[in-house]
$ cat run_14.pdb   # PDB, C-alpha atoms
ATOM      1  CA  MET A   1     143.584 171.435  80.394
ATOM      2  CA  VAL A   2     139.822 172.085  80.409
ATOM      3  CA  GLY A   3     140.480 175.805  79.880
ATOM      4  CA  ARG A   4     142.720 175.069  76.884
ATOM      5  CA  ILE A   5     140.065 172.765  75.357
ATOM      6  CA  ALA A   6     137.342 175.383  75.882
ATOM      7  CA  PHE A   7     139.562 178.071  74.347
ATOM      8  CA  THR A   8     140.360 175.865  71.330
ATOM      9  CA  LEU A   9     136.675 175.003  70.904
ATOM     10  CA  ALA A  10     135.719 178.681  71.136
ATOM     11  CA  LEU A  11     138.263 179.577  68.465
ATOM     12  CA  ALA A  12     137.129 176.729  66.205
ATOM     13  CA  THR A  13     133.461 177.697  66.447
ATOM     14  CA  GLY A  14     134.078 181.416  66.119
ATOM     15  CA  ALA A  15     132.533 182.042  69.537
ATOM     16  CA  PHE A  16     135.570 183.968  70.687
ATOM     17  CA  THR A  17     137.103 186.857  68.829
ATOM     18  CA  LEU A  18     139.697 189.429  69.649
ATOM     19  CA  ALA A  19     139.611 193.064  68.688
ATOM     20  CA  PRO A  20     142.766 194.354  67.045
ATOM     21  CA  SER A  21     143.616 196.037  70.349
ATOM     22  CA  GLY A  22     143.598 192.634  72.068
ATOM     23  CA  ALA A  23     140.388 193.328  73.988
ATOM     24  CA  SER A  24     137.483 190.932  73.630
ATOM     25  CA  ALA A  25     135.305 192.601  71.023
ATOM     26  CA  ARG A  26     132.326 190.267  70.895
ATOM     27  CA  GLU A  27     131.382 186.721  71.650
ATOM     28  CA  ILE A  28     128.480 184.331  71.262
ATOM     29  CA  VAL A  29     126.895 183.517  74.618
ATOM     30  CA  PRO A  30     123.813 181.607  75.803
ATOM     31  CA  PHE A  31     120.909 184.035  76.163
ATOM     32  CA  GLN A  32     117.410 183.302  77.381
ATOM     33  CA  ALA A  33     115.030 186.235  77.297
ATOM     34  CA  ARG A  34     111.457 186.979  76.413
ATOM     35  CA  VAL A  35     112.371 189.061  73.395
ATOM     36  CA  SER A  36     112.239 188.241  69.704
ATOM     37  CA  PRO A  37     115.332 187.311  67.745
ATOM     38  CA  GLY A  38     116.866 190.419  66.247
ATOM     39  CA  THR A  39     116.267 192.497  69.381
ATOM     40  CA  ILE A  40     119.096 194.484  70.957
ATOM     41  CA  VAL A  41     119.178 194.236  74.768
ATOM     42  CA  ILE A  42     121.468 196.569  76.688
ATOM     43  CA  LYS A  43     122.171 195.634  80.307
ATOM     44  CA  THR A  44     123.427 198.893  81.749
ATOM     45  CA  GLY A  45     124.830 197.440  84.979
ATOM     46  CA  GLU A  46     126.821 194.861  83.031
ATOM     47  CA  ARG A  47     127.902 197.418  80.429
ATOM     48  CA  ARG A  48     127.036 194.843  77.775
ATOM     49  CA  LEU A  49     124.912 194.898  74.628
ATOM     50  CA  TYR A  50     123.283 191.673  73.429
ATOM     51  CA  TYR A  51     122.061 191.096  69.901
ATOM     52  CA  VAL A  52     119.557 188.265  70.327
ATOM     53  CA  ARG A  53     119.776 185.407  67.842
ATOM     54  CA  GLY A  54     117.076 182.800  67.206
ATOM     55  CA  ASP A  55     118.942 179.814  68.634
ATOM     56  CA  GLY A  56     119.068 180.599  72.371
ATOM     57  CA  THR A  57     122.242 182.648  71.991
ATOM     58  CA  ALA A  58     123.201 186.265  71.566
ATOM     59  CA  LEU A  59     126.171 188.199  70.314
ATOM     60  CA  ARG A  60     127.539 190.000  73.360
ATOM     61  CA  TYR A  61     129.506 193.223  73.040
ATOM     62  CA  ARG A  62     131.262 195.351  75.677
ATOM     63  CA  VAL A  63     129.907 198.914  75.705
ATOM     64  CA  ALA A  64     130.113 202.198  77.553
ATOM     65  CA  VAL A  65     126.822 203.460  78.945
ATOM     66  CA  GLY A  66     125.488 206.658  80.495
ATOM     67  CA  LYS A  67     127.109 208.225  83.519
ATOM     68  CA  PRO A  68     125.067 208.118  86.738
ATOM     69  CA  GLY A  69     122.204 210.556  86.279
ATOM     70  CA  LYS A  70     122.502 210.352  82.471
ATOM     71  CA  GLN A  71     121.207 206.808  82.035
ATOM     72  CA  TRP A  72     117.847 205.869  80.591
ATOM     73  CA  PHE A  73     115.865 202.659  80.605
ATOM     74  CA  GLY A  74     113.041 201.403  78.463
ATOM     75  CA  GLU A  75     112.436 200.707  74.804
ATOM     76  CA  ALA A  76     113.315 202.414  71.561
ATOM     77  CA  ARG A  77     113.706 201.542  67.900
ATOM     78  CA  ILE A  78     116.556 202.188  65.526
ATOM     79  CA  ASP A  79     115.390 205.025  63.274
ATOM     80  CA  GLY A  80     118.574 205.686  61.292
ATOM     81  CA  LYS A  81     121.846 204.087  60.206
ATOM     82  CA  TYR A  82     124.854 206.279  59.418
ATOM     83  CA  VAL A  83     128.401 205.681  58.220
ATOM     84  CA  ARG A  84     131.035 208.059  59.680
ATOM     85  CA  PRO A  85     128.360 210.529  60.789
ATOM     86  CA  ALA A  86     128.950 214.178  61.567
ATOM     87  CA  TRP A  87     128.070 215.101  65.157
ATOM     88  CA  SER A  88     126.327 218.120  66.624
ATOM     89  CA  PRO A  89     126.526 218.198  70.404
ATOM     90  CA  PRO A  90     123.127 218.173  72.098
ATOM     91  CA  ALA A  91     122.303 221.283  74.144
ATOM     92  CA  GLU A  92     123.226 219.643  77.474
ATOM     93  CA  VAL A  93     126.642 218.567  76.175
ATOM     94  CA  LYS A  94     127.260 221.999  74.641
ATOM     95  CA  ARG A  95     126.286 223.673  77.920
ATOM     96  CA  ASP A  96     128.787 221.512  79.830
ATOM     97  CA  ASN A  97     131.469 221.951  77.127
ATOM     98  CA  PRO A  98     130.906 225.372  75.540
ATOM     99  CA  ARG A  99     134.160 225.194  73.548
ATOM    100  CA  LEU A 100     132.827 222.350  71.414
ATOM    101  CA  PRO A 101     132.131 223.338  67.819
ATOM    102  CA  ASN A 102     128.529 223.243  66.635
ATOM    103  CA  VAL A 103     129.363 220.401  64.225
ATOM    104  CA  ILE A 104     132.255 217.938  64.099
ATOM    105  CA  PRO A 105     132.590 216.436  60.604
ATOM    106  CA  GLY A 106     132.250 212.708  60.112
ATOM    107  CA  GLY A 107     135.586 210.918  60.159
ATOM    108  CA  ALA A 108     137.324 213.711  62.089
ATOM    109  CA  PRO A 109     139.602 212.308  64.816
ATOM    110  CA  ASN A 110     137.725 214.287  67.484
ATOM    111  CA  ASN A 111     134.283 213.071  66.328
ATOM    112  CA  PRO A 112     132.819 211.021  69.204
ATOM    113  CA  MET A 113     130.434 209.055  66.930
ATOM    114  CA  GLY A 114     133.146 206.824  65.498
ATOM    115  CA  ALA A 115     132.752 204.634  62.429
ATOM    116  CA  ARG A 116     128.979 204.060  62.531
ATOM    117  CA  ALA A 117     125.886 205.246  64.365
ATOM    118  CA  LEU A 118     122.470 203.725  64.918
ATOM    119  CA  THR A 119     120.178 206.543  65.983
ATOM    120  CA  LEU A 120     117.220 205.835  68.219
ATOM    121  CA  ASN A 121     113.715 207.257  68.071
ATOM    122  CA  LEU A 122     114.124 208.490  71.640
ATOM    123  CA  ASP A 123     115.544 211.915  72.447
ATOM    124  CA  GLU A 124     119.029 212.374  70.997
ATOM    125  CA  TYR A 125     120.419 208.944  71.822
ATOM    126  CA  ALA A 126     122.360 206.574  69.590
ATOM    127  CA  ILE A 127     124.369 203.386  69.642
ATOM    128  CA  HIS A 128     127.658 204.403  68.061
ATOM    129  CA  GLY A 129     131.381 203.861  67.747
ATOM    130  CA  THR A 130     133.895 205.918  69.643
ATOM    131  CA  ASN A 131     137.150 207.790  69.317
ATOM    132  CA  ARG A 132     137.808 206.844  72.971
ATOM    133  CA  PRO A 133     138.132 203.044  73.042
ATOM    134  CA  GLY A 134     139.380 203.204  76.640
ATOM    135  CA  SER A 135     135.885 204.273  77.711
ATOM    136  CA  ILE A 136     134.379 200.923  76.699
ATOM    137  CA  GLY A 137     133.214 199.040  79.773
ATOM    138  CA  THR A 138     132.617 202.226  81.779
ATOM    139  CA  PHE A 139     129.868 204.682  82.669
ATOM    140  CA  ALA A 140     131.005 207.462  80.347
ATOM    141  CA  SER A 141     128.336 209.035  78.154
ATOM    142  CA  TYR A 142     125.380 211.387  78.318
ATOM    143  CA  GLY A 143     123.091 208.427  77.603
ATOM    144  CA  CYS A 144     124.373 207.071  74.311
ATOM    145  CA  ILE A 145     125.742 203.557  74.027
ATOM    146  CA  ARG A 146     129.370 203.491  72.869
ATOM    147  CA  MET A 147     130.992 200.534  71.173
ATOM    148  CA  LEU A 148     134.427 199.779  69.794
ATOM    149  CA  ASN A 149     134.467 200.849  66.153
ATOM    150  CA  GLU A 150     134.981 197.268  64.935
ATOM    151  CA  ASP A 151     131.981 196.196  67.024
ATOM    152  CA  ILE A 152     129.606 198.929  65.823
ATOM    153  CA  ILE A 153     130.580 198.073  62.235
ATOM    154  CA  HIS A 154     129.713 194.432  62.953
ATOM    155  CA  LEU A 155     126.404 195.267  64.666
ATOM    156  CA  TYR A 156     125.509 197.826  61.975
ATOM    157  CA  ASP A 157     125.675 195.053  59.389
ATOM    158  CA  GLN A 158     123.326 192.849  61.465
ATOM    159  CA  VAL A 159     120.465 195.275  62.161
ATOM    160  CA  SER A 160     117.988 197.353  60.222
ATOM    161  CA  VAL A 161     115.897 200.455  60.776
ATOM    162  CA  GLY A 162     113.031 199.440  63.054
ATOM    163  CA  THR A 163     115.103 197.048  65.197
ATOM    164  CA  ARG A 164     113.811 196.988  68.770
ATOM    165  CA  VAL A 165     116.211 198.155  71.514
ATOM    166  CA  VAL A 166     115.549 197.345  75.175
ATOM    167  CA  VAL A 167     117.669 199.044  77.853
ATOM    168  CA  THR A 168     117.588 197.584  81.358
ATOM    169  CA  PRO A 169     119.293 198.638  84.620
TER     170      PRO A 169
END

$ encode --input "run_14.pdb" --output "structure tokens"
Amino acid sequence: MVGRIAFTLALATGAFTLAPSGASAREIVPFQARVSPGTIVIKTGERRLYYVRGDGTALRYRVAVGKPGKQWFGEARIDGKYVRPAWSPPAEVKRDNPRLPNVIPGGAPNNPMGARALTLNLDEYAIHGTNRPGSIGTFASYGCIRMLNEDIIHLYDQVSVGTRVVVTP
């Protein structure tokens, strides 16, 4: 009974949403941290991204993070926002997958950037959508943060260039 009440309350308040695939896309959760509202916090071990709100809560999204040995930690800022971006594989990715083309056009079904990308002012990393939704919740990338396309579209609309991004273990 308590579970049904909590579920009904979550639906009524909008704190619980479902992605079209049936997977939990995002939710509002309590969040206490020493970061300013509007900051993105990525907890690599949890494979979760938090968009910190000003009321003691955050929007929490499931993400894919870097494979072991490809992860990074620290701070960056969003330095670009792109809709259906083209993708050029970084040198390391191209070396590991030499058959990849030099550029995959935006919107192409094999484009790993998905519906949106938030580029970071650190190396060649981005927070972006994916054409591999099954990778969400795993250690899958070369250091980028992957989100479901519906989630990156939602986050994209919340943030601006200059938004602080903190990545923790």

$ resolve_selection --input "run_14.pdb" --expression "the PyMOL selection byres ((chain A and resi 112) around 9)" --output "mmCIF file with C-alpha atoms, in the coordinates of the input"
data_model
loop_
_atom_site.group_PDB
_atom_site.id
_atom_site.type_symbol
_atom_site.label_atom_id
_atom_site.label_comp_id
_atom_site.auth_asym_id
_atom_site.auth_seq_id
_atom_site.Cartn_x
_atom_site.Cartn_y
_atom_site.Cartn_z
ATOM 1 C CA TRP A 87 128.070 215.101 65.157
ATOM 2 C CA ILE A 104 132.255 217.938 64.099
ATOM 3 C CA ALA A 108 137.324 213.711 62.089
ATOM 4 C CA PRO A 109 139.602 212.308 64.816
ATOM 5 C CA ASN A 110 137.725 214.287 67.484
ATOM 6 C CA ASN A 111 134.283 213.071 66.328
ATOM 7 C CA MET A 113 130.434 209.055 66.930
ATOM 8 C CA GLY A 114 133.146 206.824 65.498
ATOM 9 C CA HIS A 128 127.658 204.403 68.061
ATOM 10 C CA GLY A 129 131.381 203.861 67.747
ATOM 11 C CA THR A 130 133.895 205.918 69.643
ATOM 12 C CA ASN A 131 137.150 207.790 69.317
ATOM 13 C CA ARG A 132 137.808 206.844 72.971
#

$ closest_atom_pairs --input "run_14.pdb" --of "region 34-74 of chain A" --to "region 138-160 of chain A" --cutoff "9 Å" --atoms "all atoms listed in the file" --output "JSON lines"
{"residue": "A:Gly38", "atom": "CA", "partner": "A:Val159", "partner_atom": "CA", "distance": 7.3}
{"residue": "A:Thr39", "atom": "CA", "partner": "A:Val159", "partner_atom": "CA", "distance": 8.8}
{"residue": "A:Ile40", "atom": "CA", "partner": "A:Val159", "partner_atom": "CA", "distance": 8.9}
{"residue": "A:Ile42", "atom": "CA", "partner": "A:Ile145", "partner_atom": "CA", "distance": 8.6}
{"residue": "A:Thr44", "atom": "CA", "partner": "A:Phe139", "partner_atom": "CA", "distance": 8.7}
{"residue": "A:Arg47", "atom": "CA", "partner": "A:Thr138", "partner_atom": "CA", "distance": 6.9}
{"residue": "A:Leu49", "atom": "CA", "partner": "A:Ile145", "partner_atom": "CA", "distance": 8.7}
{"residue": "A:Tyr51", "atom": "CA", "partner": "A:Leu155", "partner_atom": "CA", "distance": 8.0}
{"residue": "A:Tyr61", "atom": "CA", "partner": "A:Asp151", "partner_atom": "CA", "distance": 7.2}
{"residue": "A:Arg62", "atom": "CA", "partner": "A:Met147", "partner_atom": "CA", "distance": 6.9}
{"residue": "A:Val63", "atom": "CA", "partner": "A:Met147", "partner_atom": "CA", "distance": 4.9}
{"residue": "A:Ala64", "atom": "CA", "partner": "A:Thr138", "partner_atom": "CA", "distance": 4.9}
{"residue": "A:Val65", "atom": "CA", "partner": "A:Phe139", "partner_atom": "CA", "distance": 5.0}
{"residue": "A:Gly66", "atom": "CA", "partner": "A:Gly143", "partner_atom": "CA", "distance": 4.2}
{"residue": "A:Lys67", "atom": "CA", "partner": "A:Phe139", "partner_atom": "CA", "distance": 4.6}
{"residue": "A:Pro68", "atom": "CA", "partner": "A:Phe139", "partner_atom": "CA", "distance": 7.2}
{"residue": "A:Gly69", "atom": "CA", "partner": "A:Tyr142", "partner_atom": "CA", "distance": 8.6}
{"residue": "A:Lys70", "atom": "CA", "partner": "A:Tyr142", "partner_atom": "CA", "distance": 5.2}
{"residue": "A:Gln71", "atom": "CA", "partner": "A:Gly143", "partner_atom": "CA", "distance": 5.1}
{"residue": "A:Trp72", "atom": "CA", "partner": "A:Gly143", "partner_atom": "CA", "distance": 6.6}

$ resolve_selection --input "run_14.pdb" --expression "the PyMOL selection byres ((chain A and resi 85) around 7)" --output "PyMOL selection string"
chain A and resi 82-84+86-87+106+113+116-117

$ residues_around --input "run_14.pdb" --residues "Val166 (chain A)" --least-positions-apart "6" --cutoff "6 Å" --atoms "all atoms listed in the file" --output "number ranges by chain"
A: 41, 74-75

$ closest_residue --input "run_14.pdb" --among "A:Ala115, A:Leu120, A:Pro169, A:Thr163" --to "Val35 (chain A)" --atoms "all atoms listed in the file"
A:Thr163

$ atom_distance --input "run_14.pdb" --atom1 "CA of Val165 (chain A)" --atom2 "CA of Val93 (chain A)"
23.4 Å

$ atom_distance --input "run_14.pdb" --atom1 "CA of Phe31 (chain A)" --atom2 "CA of Thr119 (chain A)"
24.7 Å

$ atom_distance --input "run_14.pdb" --atom1 "CA of Ala58 (chain A)" --atom2 "CA of Arg34 (chain A)"
12.7 Å

$ resolve_selection --input "run_14.pdb" --expression "the PyMOL selection byres ((chain A and resi 55) around 12)" --output "list of chain:residue names"
A:Ile28, A:Val29, A:Pro30, A:Phe31, A:Gln32, A:Ala33, A:Ser36, A:Pro37, A:Gly38, A:Tyr51, A:Val52, A:Arg53, A:Gly54, A:Gly56, A:Thr57, A:Ala58, A:Leu59

$ residues_near_point --input "run_14.pdb" --point "(126.6, 219.2, 66.2)" --cutoff "7 Å" --atoms "only C-alpha atoms" --output "tab-separated table (two decimals) with C-alpha atoms, in the coordinates of the input"
chain	number	residue	atom	x	y	z
A	87	TRP	CA	128.07	215.10	65.16
A	88	SER	CA	126.33	218.12	66.62
A	89	PRO	CA	126.53	218.20	70.40
A	90	PRO	CA	123.13	218.17	72.10
A	102	ASN	CA	128.53	223.24	66.64
A	103	VAL	CA	129.36	220.40	64.22
A	104	ILE	CA	132.26	217.94	64.10

$ build_atoms --input "run_14.pdb" --residues "region 28-54 of chain A" --atoms "N, CA and C atoms" --output "PDB file, in the frame of the given file"
ATOM      1  N   ILE A  28     129.793 184.970  71.252  1.00  0.00           N
ATOM      2  CA  ILE A  28     128.480 184.331  71.262  1.00  0.00           C
ATOM      3  C   ILE A  28     128.296 183.701  72.628  1.00  0.00           C
ATOM      4  N   VAL A  29     127.166 184.022  73.274  1.00  0.00           N
ATOM      5  CA  VAL A  29     126.895 183.517  74.618  1.00  0.00           C
ATOM      6  C   VAL A  29     125.470 182.974  74.680  1.00  0.00           C
ATOM      7  N   PRO A  30     125.201 182.038  75.600  1.00  0.00           N
ATOM      8  CA  PRO A  30     123.813 181.607  75.803  1.00  0.00           C
ATOM      9  C   PRO A  30     122.984 182.803  76.254  1.00  0.00           C
ATOM     10  N   PHE A  31     121.745 182.896  75.785  1.00  0.00           N
ATOM     11  CA  PHE A  31     120.909 184.035  76.163  1.00  0.00           C
ATOM     12  C   PHE A  31     119.452 183.610  76.118  1.00  0.00           C
ATOM     13  N   GLN A  32     118.826 183.616  77.276  1.00  0.00           N
ATOM     14  CA  GLN A  32     117.410 183.302  77.381  1.00  0.00           C
ATOM     15  C   GLN A  32     116.671 184.560  77.808  1.00  0.00           C
ATOM     16  N   ALA A  33     115.800 185.037  76.968  1.00  0.00           N
ATOM     17  CA  ALA A  33     115.030 186.235  77.297  1.00  0.00           C
ATOM     18  C   ALA A  33     113.698 186.171  76.581  1.00  0.00           C
ATOM     19  N   ARG A  34     112.778 186.928  77.043  1.00  0.00           N
ATOM     20  CA  ARG A  34     111.457 186.979  76.413  1.00  0.00           C
ATOM     21  C   ARG A  34     111.407 188.113  75.402  1.00  0.00           C
ATOM     22  N   VAL A  35     112.342 188.094  74.480  1.00  0.00           N
ATOM     23  CA  VAL A  35     112.371 189.061  73.395  1.00  0.00           C
ATOM     24  C   VAL A  35     112.577 188.294  72.090  1.00  0.00           C
ATOM     25  N   SER A  36     112.130 188.868  71.015  1.00  0.00           N
ATOM     26  CA  SER A  36     112.239 188.241  69.704  1.00  0.00           C
ATOM     27  C   SER A  36     113.674 188.250  69.203  1.00  0.00           C
ATOM     28  N   PRO A  37     114.024 187.253  68.408  1.00  0.00           N
ATOM     29  CA  PRO A  37     115.332 187.311  67.745  1.00  0.00           C
ATOM     30  C   PRO A  37     115.442 188.614  66.956  1.00  0.00           C
ATOM     31  N   GLY A  38     116.650 189.155  66.934  1.00  0.00           N
ATOM     32  CA  GLY A  38     116.866 190.419  66.247  1.00  0.00           C
ATOM     33  C   GLY A  38     116.755 191.626  67.160  1.00  0.00           C
ATOM     34  N   THR A  39     116.370 191.419  68.408  1.00  0.00           N
ATOM     35  CA  THR A  39     116.267 192.497  69.381  1.00  0.00           C
ATOM     36  C   THR A  39     117.639 192.796  69.972  1.00  0.00           C
ATOM     37  N   ILE A  40     117.901 194.062  70.229  1.00  0.00           N
ATOM     38  CA  ILE A  40     119.096 194.484  70.957  1.00  0.00           C
ATOM     39  C   ILE A  40     118.693 194.699  72.408  1.00  0.00           C
ATOM     40  N   VAL A  41     119.404 194.063  73.332  1.00  0.00           N
ATOM     41  CA  VAL A  41     119.178 194.236  74.768  1.00  0.00           C
ATOM     42  C   VAL A  41     120.456 194.813  75.356  1.00  0.00           C
ATOM     43  N   ILE A  42     120.319 195.943  76.041  1.00  0.00           N
ATOM     44  CA  ILE A  42     121.468 196.569  76.688  1.00  0.00           C
ATOM     45  C   ILE A  42     121.266 196.446  78.190  1.00  0.00           C
ATOM     46  N   LYS A  43     122.208 195.778  78.853  1.00  0.00           N
ATOM     47  CA  LYS A  43     122.171 195.634  80.307  1.00  0.00           C
ATOM     48  C   LYS A  43     123.163 196.642  80.878  1.00  0.00           C
ATOM     49  N   THR A  44     122.612 197.766  81.327  1.00  0.00           N
ATOM     50  CA  THR A  44     123.427 198.893  81.749  1.00  0.00           C
ATOM     51  C   THR A  44     124.414 198.513  82.850  1.00  0.00           C
ATOM     52  N   GLY A  45     123.952 197.812  83.868  1.00  0.00           N
ATOM     53  CA  GLY A  45     124.830 197.440  84.979  1.00  0.00           C
ATOM     54  C   GLY A  45     125.986 196.555  84.553  1.00  0.00           C
ATOM     55  N   GLU A  46     125.756 195.726  83.551  1.00  0.00           N
ATOM     56  CA  GLU A  46     126.821 194.861  83.031  1.00  0.00           C
ATOM     57  C   GLU A  46     127.727 195.594  82.049  1.00  0.00           C
ATOM     58  N   ARG A  47     127.224 196.707  81.515  1.00  0.00           N
ATOM     59  CA  ARG A  47     127.902 197.418  80.429  1.00  0.00           C
ATOM     60  C   ARG A  47     128.146 196.460  79.264  1.00  0.00           C
ATOM     61  N   ARG A  48     127.022 195.804  78.869  1.00  0.00           N
ATOM     62  CA  ARG A  48     127.036 194.843  77.775  1.00  0.00           C
ATOM     63  C   ARG A  48     125.807 195.061  76.896  1.00  0.00           C
ATOM     64  N   LEU A  49     125.995 194.866  75.606  1.00  0.00           N
ATOM     65  CA  LEU A  49     124.912 194.898  74.628  1.00  0.00           C
ATOM     66  C   LEU A  49     124.793 193.495  74.062  1.00  0.00           C
ATOM     67  N   TYR A  50     123.554 193.003  73.972  1.00  0.00           N
ATOM     68  CA  TYR A  50     123.283 191.673  73.429  1.00  0.00           C
ATOM     69  C   TYR A  50     122.433 191.817  72.176  1.00  0.00           C
ATOM     70  N   TYR A  51     122.868 191.182  71.115  1.00  0.00           N
ATOM     71  CA  TYR A  51     122.061 191.096  69.901  1.00  0.00           C
ATOM     72  C   TYR A  51     121.515 189.681  69.873  1.00  0.00           C
ATOM     73  N   VAL A  52     120.204 189.553  70.119  1.00  0.00           N
ATOM     74  CA  VAL A  52     119.557 188.265  70.327  1.00  0.00           C
ATOM     75  C   VAL A  52     119.412 187.515  69.008  1.00  0.00           C
ATOM     76  N   ARG A  53     119.885 186.281  69.013  1.00  0.00           N
ATOM     77  CA  ARG A  53     119.776 185.407  67.842  1.00  0.00           C
ATOM     78  C   ARG A  53     118.611 184.443  68.078  1.00  0.00           C
ATOM     79  N   GLY A  54     118.235 183.679  67.098  1.00  0.00           N
ATOM     80  CA  GLY A  54     117.076 182.800  67.206  1.00  0.00           C
ATOM     81  C   GLY A  54     117.360 181.424  67.748  1.00  0.00           C
TER      82      GLY A  54
END
